[in-house]
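A.B. asks: The following file, upload-v8.pdb, comprises PDB, C-alpha atoms:
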```
ATOM      1  CA  MET B  15       0.000   0.000   0.000
ATOM      2  CA  GLU B  16       1.318   3.414  -0.972
ATOM      3  CA  ARG B  17       2.159   5.643   1.973
ATOM      4  CA  THR B  18       0.729   9.142   2.134
ATOM      5  CA  GLU B  19       2.836  12.257   1.854
ATOM      6  CA  ALA B  20       2.350  13.069   5.554
ATOM      7  CA  GLU B  21       3.428   9.540   6.563
ATOM      8  CA  LEU B  22       6.547   9.761   4.412
ATOM      9  CA  ILE B  23       7.508  13.162   5.847
ATOM     10  CA  ALA B  24       6.927  11.953   9.407
ATOM     11  CA  ALA B  25       9.125   8.896   8.747
ATOM     12  CA  VAL B  26      11.945  11.069   7.343
ATOM     13  CA  LEU B  27      11.755  13.357  10.361
ATOM     14  CA  LYS B  28      12.057  10.317  12.636
ATOM     15  CA  GLY B  29      15.326   9.418  10.902
ATOM     16  CA  ASP B  30      14.199   7.080   8.105
ATOM     17  CA  ALA B  31      15.996   8.815   5.203
ATOM     18  CA  ALA B  32      14.849   6.162   2.702
ATOM     19  CA  SER B  33      11.282   7.483   2.985
ATOM     20  CA  PHE B  34      12.464  10.628   1.218
ATOM     21  CA  GLU B  35      12.952   8.743  -2.064
ATOM     22  CA  PRO B  36       9.230   8.365  -2.919
ATOM     23  CA  LEU B  37       8.835  12.120  -2.410
ATOM     24  CA  ILE B  38      11.664  12.765  -4.899
ATOM     25  CA  GLU B  39      10.049  10.399  -7.410
ATOM     26  CA  ARG B  40       6.642  12.025  -6.996
ATOM     27  CA  TYR B  41       7.625  15.688  -7.278
ATOM     28  CA  SER B  42      10.764  15.714  -9.455
ATOM     29  CA  PRO B  43       8.829  16.219 -12.741
ATOM     30  CA  ARG B  44       7.421  19.521 -11.429
ATOM     31  CA  VAL B  45      10.788  20.672 -10.106
ATOM     32  CA  PHE B  46      12.489  19.786 -13.412
ATOM     33  CA  ALA B  47       9.846  21.700 -15.386
ATOM     34  CA  THR B  48      10.404  24.748 -13.159
ATOM     35  CA  ALA B  49      14.208  24.555 -13.430
ATOM     36  CA  ARG B  50      13.973  24.256 -17.242
ATOM     37  CA  ARG B  51      12.317  27.686 -17.356
ATOM     38  CA  TYR B  52      15.464  29.321 -15.982
ATOM     39  CA  ALA B  53      18.379  27.204 -17.176
ATOM     40  CA  ARG B  54      19.157  25.778 -20.598
ATOM     41  CA  ARG B  55      21.912  23.207 -20.178
ATOM     42  CA  GLU B  56      20.764  19.840 -18.836
ATOM     43  CA  SER B  57      23.761  19.701 -16.477
ATOM     44  CA  GLU B  58      22.739  23.045 -14.924
ATOM     45  CA  ILE B  59      19.124  21.924 -14.664
ATOM     46  CA  GLU B  60      20.125  18.729 -12.867
ATOM     47  CA  ASP B  61      22.343  20.727 -10.490
ATOM     48  CA  ILE B  62      19.453  23.059  -9.643
ATOM     49  CA  VAL B  63      16.994  20.205  -8.998
ATOM     50  CA  GLN B  64      19.576  18.345  -6.944
ATOM     51  CA  GLU B  65      20.148  21.481  -4.869
ATOM     52  CA  VAL B  66      16.385  21.860  -4.348
ATOM     53  CA  TRP B  67      16.097  18.299  -3.008
ATOM     54  CA  LEU B  68      19.131  18.622  -0.741
ATOM     55  CA  LYS B  69      17.709  21.847   0.702
ATOM     56  CA  ALA B  70      14.302  20.191   1.079
ATOM     57  CA  TYR B  71      15.867  17.339   3.047
ATOM     58  CA  GLN B  72      17.859  19.651   5.289
ATOM     59  CA  LYS B  73      14.954  22.031   5.928
ATOM     60  CA  LEU B  74      12.208  19.426   6.226
ATOM     61  CA  LYS B  75      11.922  20.188   9.953
ATOM     62  CA  SER B  76      10.684  23.674   9.018
ATOM     63  CA  PHE B  77       7.780  22.202   6.999
ATOM     64  CA  ARG B  78       4.823  22.593   9.331
ATOM     65  CA  GLY B  79       2.265  20.785   7.195
ATOM     66  CA  GLU B  80      -0.174  23.717   7.118
ATOM     67  CA  ALA B  81       0.115  24.030   3.328
ATOM     68  CA  PRO B  82       0.641  21.108   0.907
ATOM     69  CA  PHE B  83       4.207  19.821   0.660
ATOM     70  CA  GLU B  84       4.203  20.661  -3.058
ATOM     71  CA  HIS B  85       3.694  24.392  -2.342
ATOM     72  CA  TRP B  86       6.532  24.399   0.178
ATOM     73  CA  LEU B  87       8.765  22.548  -2.294
ATOM     74  CA  MET B  88       7.917  24.913  -5.163
ATOM     75  CA  ARG B  89       8.868  27.884  -2.981
ATOM     76  CA  LEU B  90      12.255  26.261  -2.445
ATOM     77  CA  ALA B  91      12.525  25.509  -6.169
ATOM     78  CA  VAL B  92      11.699  29.065  -7.279
ATOM     79  CA  ARG B  93      14.145  30.574  -4.775
ATOM     80  CA  THR B  94      16.887  28.164  -5.838
ATOM     81  CA  CYS B  95      16.263  29.075  -9.497
ATOM     82  CA  TYR B  96      16.466  32.768  -8.589
ATOM     83  CA  ASP B  97      19.797  32.171  -6.821
ATOM     84  CA  PHE B  98      20.973  30.366  -9.954
ATOM     85  CA  LEU B  99      19.974  33.330 -12.163
ATOM     86  CA  ARG B 100      21.768  35.762  -9.870
ATOM     87  CA  SER B 101      24.942  33.703  -9.786
ATOM     88  CA  HIS B 102      24.938  33.396 -13.593
ATOM     89  CA  GLN B 103      23.906  36.927 -14.482
ATOM     90  CA  ARG B 104      27.325  37.724 -15.949
ATOM     91  CA  ASN B 105      26.626  35.150 -18.648
ATOM     92  CA  ARG B 106      23.764  37.253 -20.044
ATOM     93  CA  GLU B 107      24.371  37.880 -23.711
ATOM     94  CA  SER B 108      25.072  41.455 -24.728
ATOM     95  CA  ALA B 109      24.145  41.711 -28.424
ATOM     96  CA  PHE B 110      21.493  40.341 -30.734
ATOM     97  CA  SER B 111      23.741  40.363 -33.778
ATOM     98  CA  ASP B 112      24.131  36.591 -33.430
ATOM     99  CA  LEU B 113      20.447  35.764 -34.057
ATOM    100  CA  SER B 114      20.197  32.585 -36.096
ATOM    101  CA  GLU B 115      18.781  32.634 -39.608
ATOM    102  CA  PRO B 116      15.451  31.008 -38.650
ATOM    103  CA  GLU B 117      15.078  33.513 -35.773
ATOM    104  CA  ASP B 118      15.755  36.368 -38.188
ATOM    105  CA  ASP B 119      13.215  34.947 -40.631
ATOM    106  CA  TRP B 120      10.562  34.542 -37.952
ATOM    107  CA  LEU B 121      11.083  38.111 -36.757
ATOM    108  CA  GLU B 122      10.934  39.463 -40.294
ATOM    109  CA  ARG B 123       7.767  37.491 -40.975
ATOM    110  CA  PHE B 124       6.226  38.858 -37.784
ATOM    111  CA  ILE B 125       7.099  42.474 -38.626
ATOM    112  CA  HIS B 126       5.641  42.238 -42.131
ATOM    113  CA  GLN B 127       2.729  39.910 -41.403
ATOM    114  CA  PRO B 128       2.186  39.228 -37.655
ATOM    115  CA  GLY B 129      -0.446  36.543 -38.245
ATOM    116  CA  ALA B 130       1.908  34.453 -40.370
ATOM    117  CA  ALA B 131       4.526  34.058 -37.625
ATOM    118  CA  ARG B 132       3.579  30.729 -36.003
ATOM    119  CA  GLU B 133       3.709  30.325 -32.215
ATOM    120  CA  ASP B 134       4.853  26.725 -32.353
ATOM    121  CA  ALA B 135       7.879  27.459 -34.559
ATOM    122  CA  GLU B 136      11.235  26.382 -33.107
ATOM    123  CA  ALA B 137      12.689  29.774 -34.103
ATOM    124  CA  ALA B 138      10.051  31.554 -32.021
ATOM    125  CA  ARG B 139      10.879  29.383 -29.009
ATOM    126  CA  GLN B 140      14.575  30.150 -29.388
ATOM    127  CA  LEU B 141      13.879  33.855 -29.753
ATOM    128  CA  VAL B 142      11.838  33.883 -26.531
ATOM    129  CA  GLN B 143      14.688  32.147 -24.735
ATOM    130  CA  ARG B 144      17.120  34.699 -26.089
ATOM    131  CA  VAL B 145      14.973  37.629 -24.918
ATOM    132  CA  LEU B 146      14.476  36.078 -21.475
ATOM    133  CA  GLN B 147      18.226  35.500 -21.151
ATOM    134  CA  HIS B 148      18.811  39.218 -21.604
ATOM    135  CA  LEU B 149      16.546  40.143 -18.691
ATOM    136  CA  SER B 150      17.938  40.834 -15.223
ATOM    137  CA  PRO B 151      17.281  38.000 -12.686
ATOM    138  CA  PRO B 152      14.326  39.676 -10.912
ATOM    139  CA  ALA B 153      12.796  40.713 -14.258
ATOM    140  CA  ARG B 154      13.138  37.215 -15.682
ATOM    141  CA  LEU B 155      11.635  35.627 -12.583
ATOM    142  CA  VAL B 156       8.670  37.974 -12.433
ATOM    143  CA  ILE B 157       7.960  37.803 -16.209
ATOM    144  CA  THR B 158       8.091  33.997 -16.074
ATOM    145  CA  LEU B 159       5.793  33.711 -13.075
ATOM    146  CA  LEU B 160       3.374  36.501 -13.954
ATOM    147  CA  GLU B 161       3.158  36.457 -17.741
ATOM    148  CA  ILE B 162       4.151  32.931 -18.734
ATOM    149  CA  GLU B 163       2.921  30.815 -15.817
ATOM    150  CA  ASP B 164      -0.014  33.208 -15.310
ATOM    151  CA  ARG B 165       0.292  33.383 -11.523
ATOM    152  CA  SER B 166      -1.234  36.107  -9.367
ATOM    153  CA  VAL B 167       0.806  38.803  -7.619
ATOM    154  CA  LYS B 168      -0.107  37.264  -4.257
ATOM    155  CA  GLU B 169       1.095  33.834  -5.360
ATOM    156  CA  ILE B 170       4.370  35.323  -6.639
ATOM    157  CA  SER B 171       4.806  37.112  -3.338
ATOM    158  CA  LYS B 172       4.489  33.781  -1.488
ATOM    159  CA  LEU B 173       6.785  31.947  -3.894
ATOM    160  CA  THR B 174       9.549  34.535  -3.910
ATOM    161  CA  GLY B 175       9.278  35.954  -0.410
ATOM    162  CA  TRP B 176       8.938  39.471  -1.882
ATOM    163  CA  SER B 177       6.202  41.778  -0.595
ATOM    164  CA  VAL B 178       3.141  42.381  -2.829
ATOM    165  CA  PRO B 179       4.162  46.019  -3.604
ATOM    166  CA  LEU B 180       7.680  44.844  -4.464
ATOM    167  CA  VAL B 181       6.290  42.240  -6.885
ATOM    168  CA  LYS B 182       4.210  44.972  -8.555
ATOM    169  CA  VAL B 183       7.185  47.308  -8.838
ATOM    170  CA  ARG B 184       9.389  44.555 -10.213
ATOM    171  CA  ALA B 185       6.697  43.502 -12.699
ATOM    172  CA  PHE B 186       6.425  47.091 -13.964
ATOM    173  CA  ARG B 187      10.208  47.355 -14.321
ATOM    174  CA  ALA B 188      10.405  43.905 -15.941
ATOM    175  CA  ARG B 189       7.895  44.853 -18.663
ATOM    176  CA  ALA B 190       9.846  48.040 -19.350
ATOM    177  CA  GLU B 191      13.076  46.045 -19.472
ATOM    178  CA  MET B 192      11.547  43.549 -21.887
ATOM    179  CA  ARG B 193      10.279  46.287 -24.209
ATOM    180  CA  LYS B 194      13.709  47.876 -24.184
ATOM    181  CA  ILE B 195      15.234  44.565 -25.259
ATOM    182  CA  LEU B 196      12.634  44.069 -27.983
ATOM    183  CA  ALA B 197      13.242  47.630 -29.202
ATOM    184  CA  LYS B 198      16.939  46.851 -29.333
ATOM    185  CA  ILE B 199      16.357  43.703 -31.394
ATOM    186  CA  THR B 200      14.122  45.390 -33.896
ATOM    187  CA  LYS B 201      16.382  48.454 -34.077
ATOM    188  CA  GLU B 202      19.525  46.373 -34.588
ATOM    189  CA  LYS B 203      17.850  44.355 -37.285
ATOM    190  CA  TYR B 204      15.458  46.612 -39.112
ATOM    191  CA  LEU B 205      16.414  50.248 -38.687
TER     192      LEU B 205
ATOM    193  CA  MET F  29       6.978  49.747 -34.277
ATOM    194  CA  LYS F  30       4.873  46.795 -33.162
ATOM    195  CA  LEU F  31       6.713  46.323 -29.879
ATOM    196  CA  VAL F  32       3.673  45.633 -27.725
ATOM    197  CA  GLU F  33       2.394  43.102 -30.266
ATOM    198  CA  LEU F  34       5.805  41.458 -30.486
ATOM    199  CA  GLU F  35       5.943  41.243 -26.694
ATOM    200  CA  LYS F  36       2.478  39.666 -26.570
ATOM    201  CA  LYS F  37       3.368  37.259 -29.364
ATOM    202  CA  LEU F  38       6.598  36.122 -27.705
ATOM    203  CA  LEU F  39       4.872  35.646 -24.352
ATOM    204  CA  ALA F  40       2.178  33.626 -26.125
ATOM    205  CA  VAL F  41       4.930  31.510 -27.678
ATOM    206  CA  ALA F  42       6.411  30.903 -24.223
ATOM    207  CA  ARG F  43       2.999  29.977 -22.789
ATOM    208  CA  ALA F  44       2.252  27.649 -25.694
ATOM    209  CA  ASN F  45       5.515  25.752 -25.216
ATOM    210  CA  PRO F  46       5.825  24.688 -21.582
ATOM    211  CA  PRO F  47       9.144  23.075 -20.658
ATOM    212  CA  SER F  48       9.462  19.324 -20.463
ATOM    213  CA  ASP F  49       9.053  17.646 -17.079
ATOM    214  CA  HIS F  50      11.265  14.719 -18.019
ATOM    215  CA  VAL F  51      13.320  13.334 -15.134
ATOM    216  CA  PRO F  52      16.632  11.651 -15.999
ATOM    217  CA  PRO F  53      16.694   7.936 -15.157
ATOM    218  CA  THR F  54      17.795   7.027 -11.602
ATOM    219  CA  PHE F  55      17.853  10.705 -10.647
ATOM    220  CA  GLU F  56      16.236   9.948  -7.268
ATOM    221  CA  LYS F  57      18.952   7.354  -6.545
ATOM    222  CA  ARG F  58      21.646   9.973  -7.153
ATOM    223  CA  VAL F  59      19.979  12.421  -4.776
ATOM    224  CA  MET F  60      19.571   9.709  -2.137
ATOM    225  CA  ALA F  61      23.264   8.802  -2.471
ATOM    226  CA  LEU F  62      24.171  12.455  -1.903
ATOM    227  CA  ILE F  63      21.869  12.687   1.087
ATOM    228  CA  SER F  64      23.361   9.617   2.739
ATOM    229  CA  ALA F  65      26.908  10.802   1.957
ATOM    230  CA  ARG F  66      26.333  14.220   3.495
ATOM    231  CA  PRO F  67      26.931  14.597   7.225
ATOM    232  CA  VAL F  68      23.876  15.504   9.246
ATOM    233  CA  HIS F  69      24.111  19.021  10.702
ATOM    234  CA  ASP F  70      23.395  18.241  14.346
ATOM    235  CA  LEU F  71      24.880  20.853  16.684
ATOM    236  CA  TRP F  72      24.923  18.535  19.725
ATOM    237  CA  ALA F  73      26.653  15.796  17.724
ATOM    238  CA  ALA F  74      29.231  18.306  16.477
ATOM    239  CA  TRP F  75      29.800  19.529  20.054
ATOM    240  CA  ALA F  76      30.208  15.953  21.362
ATOM    241  CA  LYS F  77      32.620  15.158  18.533
ATOM    242  CA  ALA F  78      34.688  18.275  19.325
ATOM    243  CA  LEU F  79      34.801  17.256  23.006
ATOM    244  CA  TRP F  80      36.067  13.795  22.085
ATOM    245  CA  TYR F  81      38.764  15.336  19.880
ATOM    246  CA  ALA F  82      39.785  17.623  22.752
ATOM    247  CA  ALA F  83      39.904  14.769  25.291
ATOM    248  CA  ALA F  84      43.180  13.219  24.035
ATOM    249  CA  PRO F  85      45.304  16.428  24.231
ATOM    250  CA  CYS F  86      43.771  17.196  27.655
ATOM    251  CA  VAL F  87      44.758  13.748  28.975
ATOM    252  CA  ALA F  88      48.265  14.212  27.548
ATOM    253  CA  VAL F  89      48.645  17.628  29.246
ATOM    254  CA  MET F  90      47.310  16.190  32.503
ATOM    255  CA  LEU F  91      49.843  13.319  32.395
ATOM    256  CA  LEU F  92      52.682  15.766  31.702
ATOM    257  CA  PHE F  93      51.731  17.971  34.648
ATOM    258  CA  SER F  94      51.299  14.938  36.921
ATOM    259  CA  ALA F  95      54.766  13.706  36.000
ATOM    260  CA  TRP F  96      56.231  17.158  36.535
ATOM    261  CA  ALA F  97      54.498  17.540  39.933
ATOM    262  CA  PHE F  98      55.671  14.067  40.984
ATOM    263  CA  TYR F  99      59.204  14.938  39.948
ATOM    264  CA  GLN F 100      59.087  18.236  41.892
ATOM    265  CA  SER F 101      57.751  16.615  45.045
ATOM    266  CA  SER F 102      60.396  13.911  44.921
ATOM    267  CA  GLN F 103      63.073  16.636  44.534
ATOM    268  CA  GLN F 104      61.685  18.526  47.528
ATOM    269  CA  SER F 105      61.615  15.431  49.665
ATOM    270  CA  GLN F 106      65.403  15.175  49.271
ATOM    271  CA  THR F 107      65.925  18.772  50.598
ATOM    272  CA  PRO F 108      64.826  19.884  54.111
ATOM    273  CA  SER F 109      61.138  20.687  53.839
ATOM    274  CA  ILE F 110      59.757  24.040  54.910
ATOM    275  CA  ASP F 111      56.330  24.150  56.451
ATOM    276  CA  LEU F 112      54.028  25.931  53.982
ATOM    277  CA  ALA F 113      51.717  27.126  56.768
ATOM    278  CA  GLN F 114      54.636  28.657  58.614
ATOM    279  CA  GLN F 115      55.751  30.419  55.410
ATOM    280  CA  LEU F 116      52.266  31.835  54.881
ATOM    281  CA  ASP F 117      52.118  33.037  58.502
ATOM    282  CA  ASN F 118      55.484  34.739  58.159
ATOM    283  CA  THR F 119      54.467  36.482  54.937
ATOM    284  CA  LEU F 120      51.103  37.684  56.224
ATOM    285  CA  LEU F 121      52.411  38.820  59.567
ATOM    286  CA  ALA F 122      55.609  40.395  58.261
ATOM    287  CA  ALA F 123      54.157  43.926  58.555
ATOM    288  CA  VAL F 124      52.985  43.288  62.159
ATOM    289  CA  ASP F 125      56.364  41.827  63.105
ATOM    290  CA  GLN F 126      58.175  44.850  61.627
ATOM    291  CA  GLY F 127      55.816  47.250  63.477
ATOM    292  CA  SER F 128      56.382  45.575  66.856
ATOM    293  CA  GLU F 129      60.137  45.707  66.367
TER     294      GLU F 129
END
```
Could I get this structure in the form of structure tokens?

C.D. replies:
Amino acid sequence: MERTEAELIAAVLKGDAASFEPLIERYSPRVFATARRYARRESEIEDIVQEVWLKAYQKLKSFRGEAPFEHWLMRLAVRTCYDFLRSHQRNRESAFSDLSEPEDDWLERFIHQPGAAREDAEAARQLVQRVLQHLSPPARLVITLLEIEDRSVKEISKLTGWSVPLVKVRAFRARAEMRKILAKITKEKYL
Amino acid sequence: MKLVELEKKLLAVARANPPSDHVPPTFEKRVMALISARPVHDLWAAWAKALWYAAAPCVAVMLLFSAWAFYQSSQQSQTPSIDLAQQLDNTLLAAVDQGSE
């Protein structure tokens, strides 16, 4: 019979470390999906997820069971991803001159005929990644959570530990930052 | 310039293509191996361990001092012994003795 989440957590807290494994199996897909929003290389993604689980194990005593374990774990995951973005912010690319040919084509198609630029095109996906990589860590986090994952300001506040007004301010700045980047792309390419 | 439209389009692209949730095979085993390899951060255990490490040098110092004290006392036993209480009396009452003289 499969043990419940609460039973597994209680067993880990009593010293049975092996009971942590089913929790890793159950929630790793969600943590991997979250990490893949912020990192590109598989090795980096695995490092982030590994770090999340090690932190979860060490801090399990602080899980009070008032909210679902998944929420608590996702808070850890988002904060670990944010730390990753901050530690890698020097790697942000500086120019758009190295856009690939398909990305260039997609952008050109969009500028001349917005409806013809398909959303499922690989070039569009790569272009989004490129734009997100140029954002500062707080801007990238808030754009991902608010605009892409469609979360509320209150939810973002809980996930990040930022106050609600701070989330709003950072969202405003993030949109401005994103438009600046888009203006730069279009200016570099088409003006 | 269609910046706002481009922004909306790119965000729609990102929403339409959620990242994969694939987990590499045996990932949970790797994490479990790391967990069991990592020392548990227990302050009391660390304190007890430090005390055990400190015990050996303390015993060594104690043995050295014991040997030295034994050596000193055996040296003193060969010379005429002076009563410690008498010495203390003389020191404390030196001022009184000088005053009476």

A.B. asks: Can you measure atom CA of B:Ala91 to atom CA of B:Ile62 for me? One decimal in Å is fine.

C.D. replies: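 Spanning atom CA of B:Ala91 to atom CA of B:Ile62 is a straight-line distance of 8.1 Å.
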
A.B. asks: Atom CA of B:Ala24 to atom CA of B:Phe46: how many Å, to one decimal?

C.D. replies: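 Atom CA of B:Phe46 lies at a distance of 24.8 Å from atom CA of B:Ala24.
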
A.B. asks: Could you expand the PyMOL selection byres ((chain F) within 9 of (chain B)) into the explicit residues it covers here, written as number ranges by chain?

C.D. replies: F: 29-35, 37-52, 55-60, 62-64, 68-69

A.B. asks: Padding 5 Å on each side, edges along x, y and z: where is the centre of the box around the listed atoms of stretch 38-41 of chain F, and how long are its edges in Å to one decimal? Output it as JSON.

C.D. replies:
```
{"center_x": 4.4, "center_y": 33.8, "center_z": -26.0, "size_x": 14.4, "size_y": 14.6, "size_z": 13.4}
```

A.B. asks: So the first atom is atom CA of B:Glu191 and the second is atom CA of B:Leu149; what is the distance between them in Å, to one decimal place?

C.D. replies: 6.9 Å
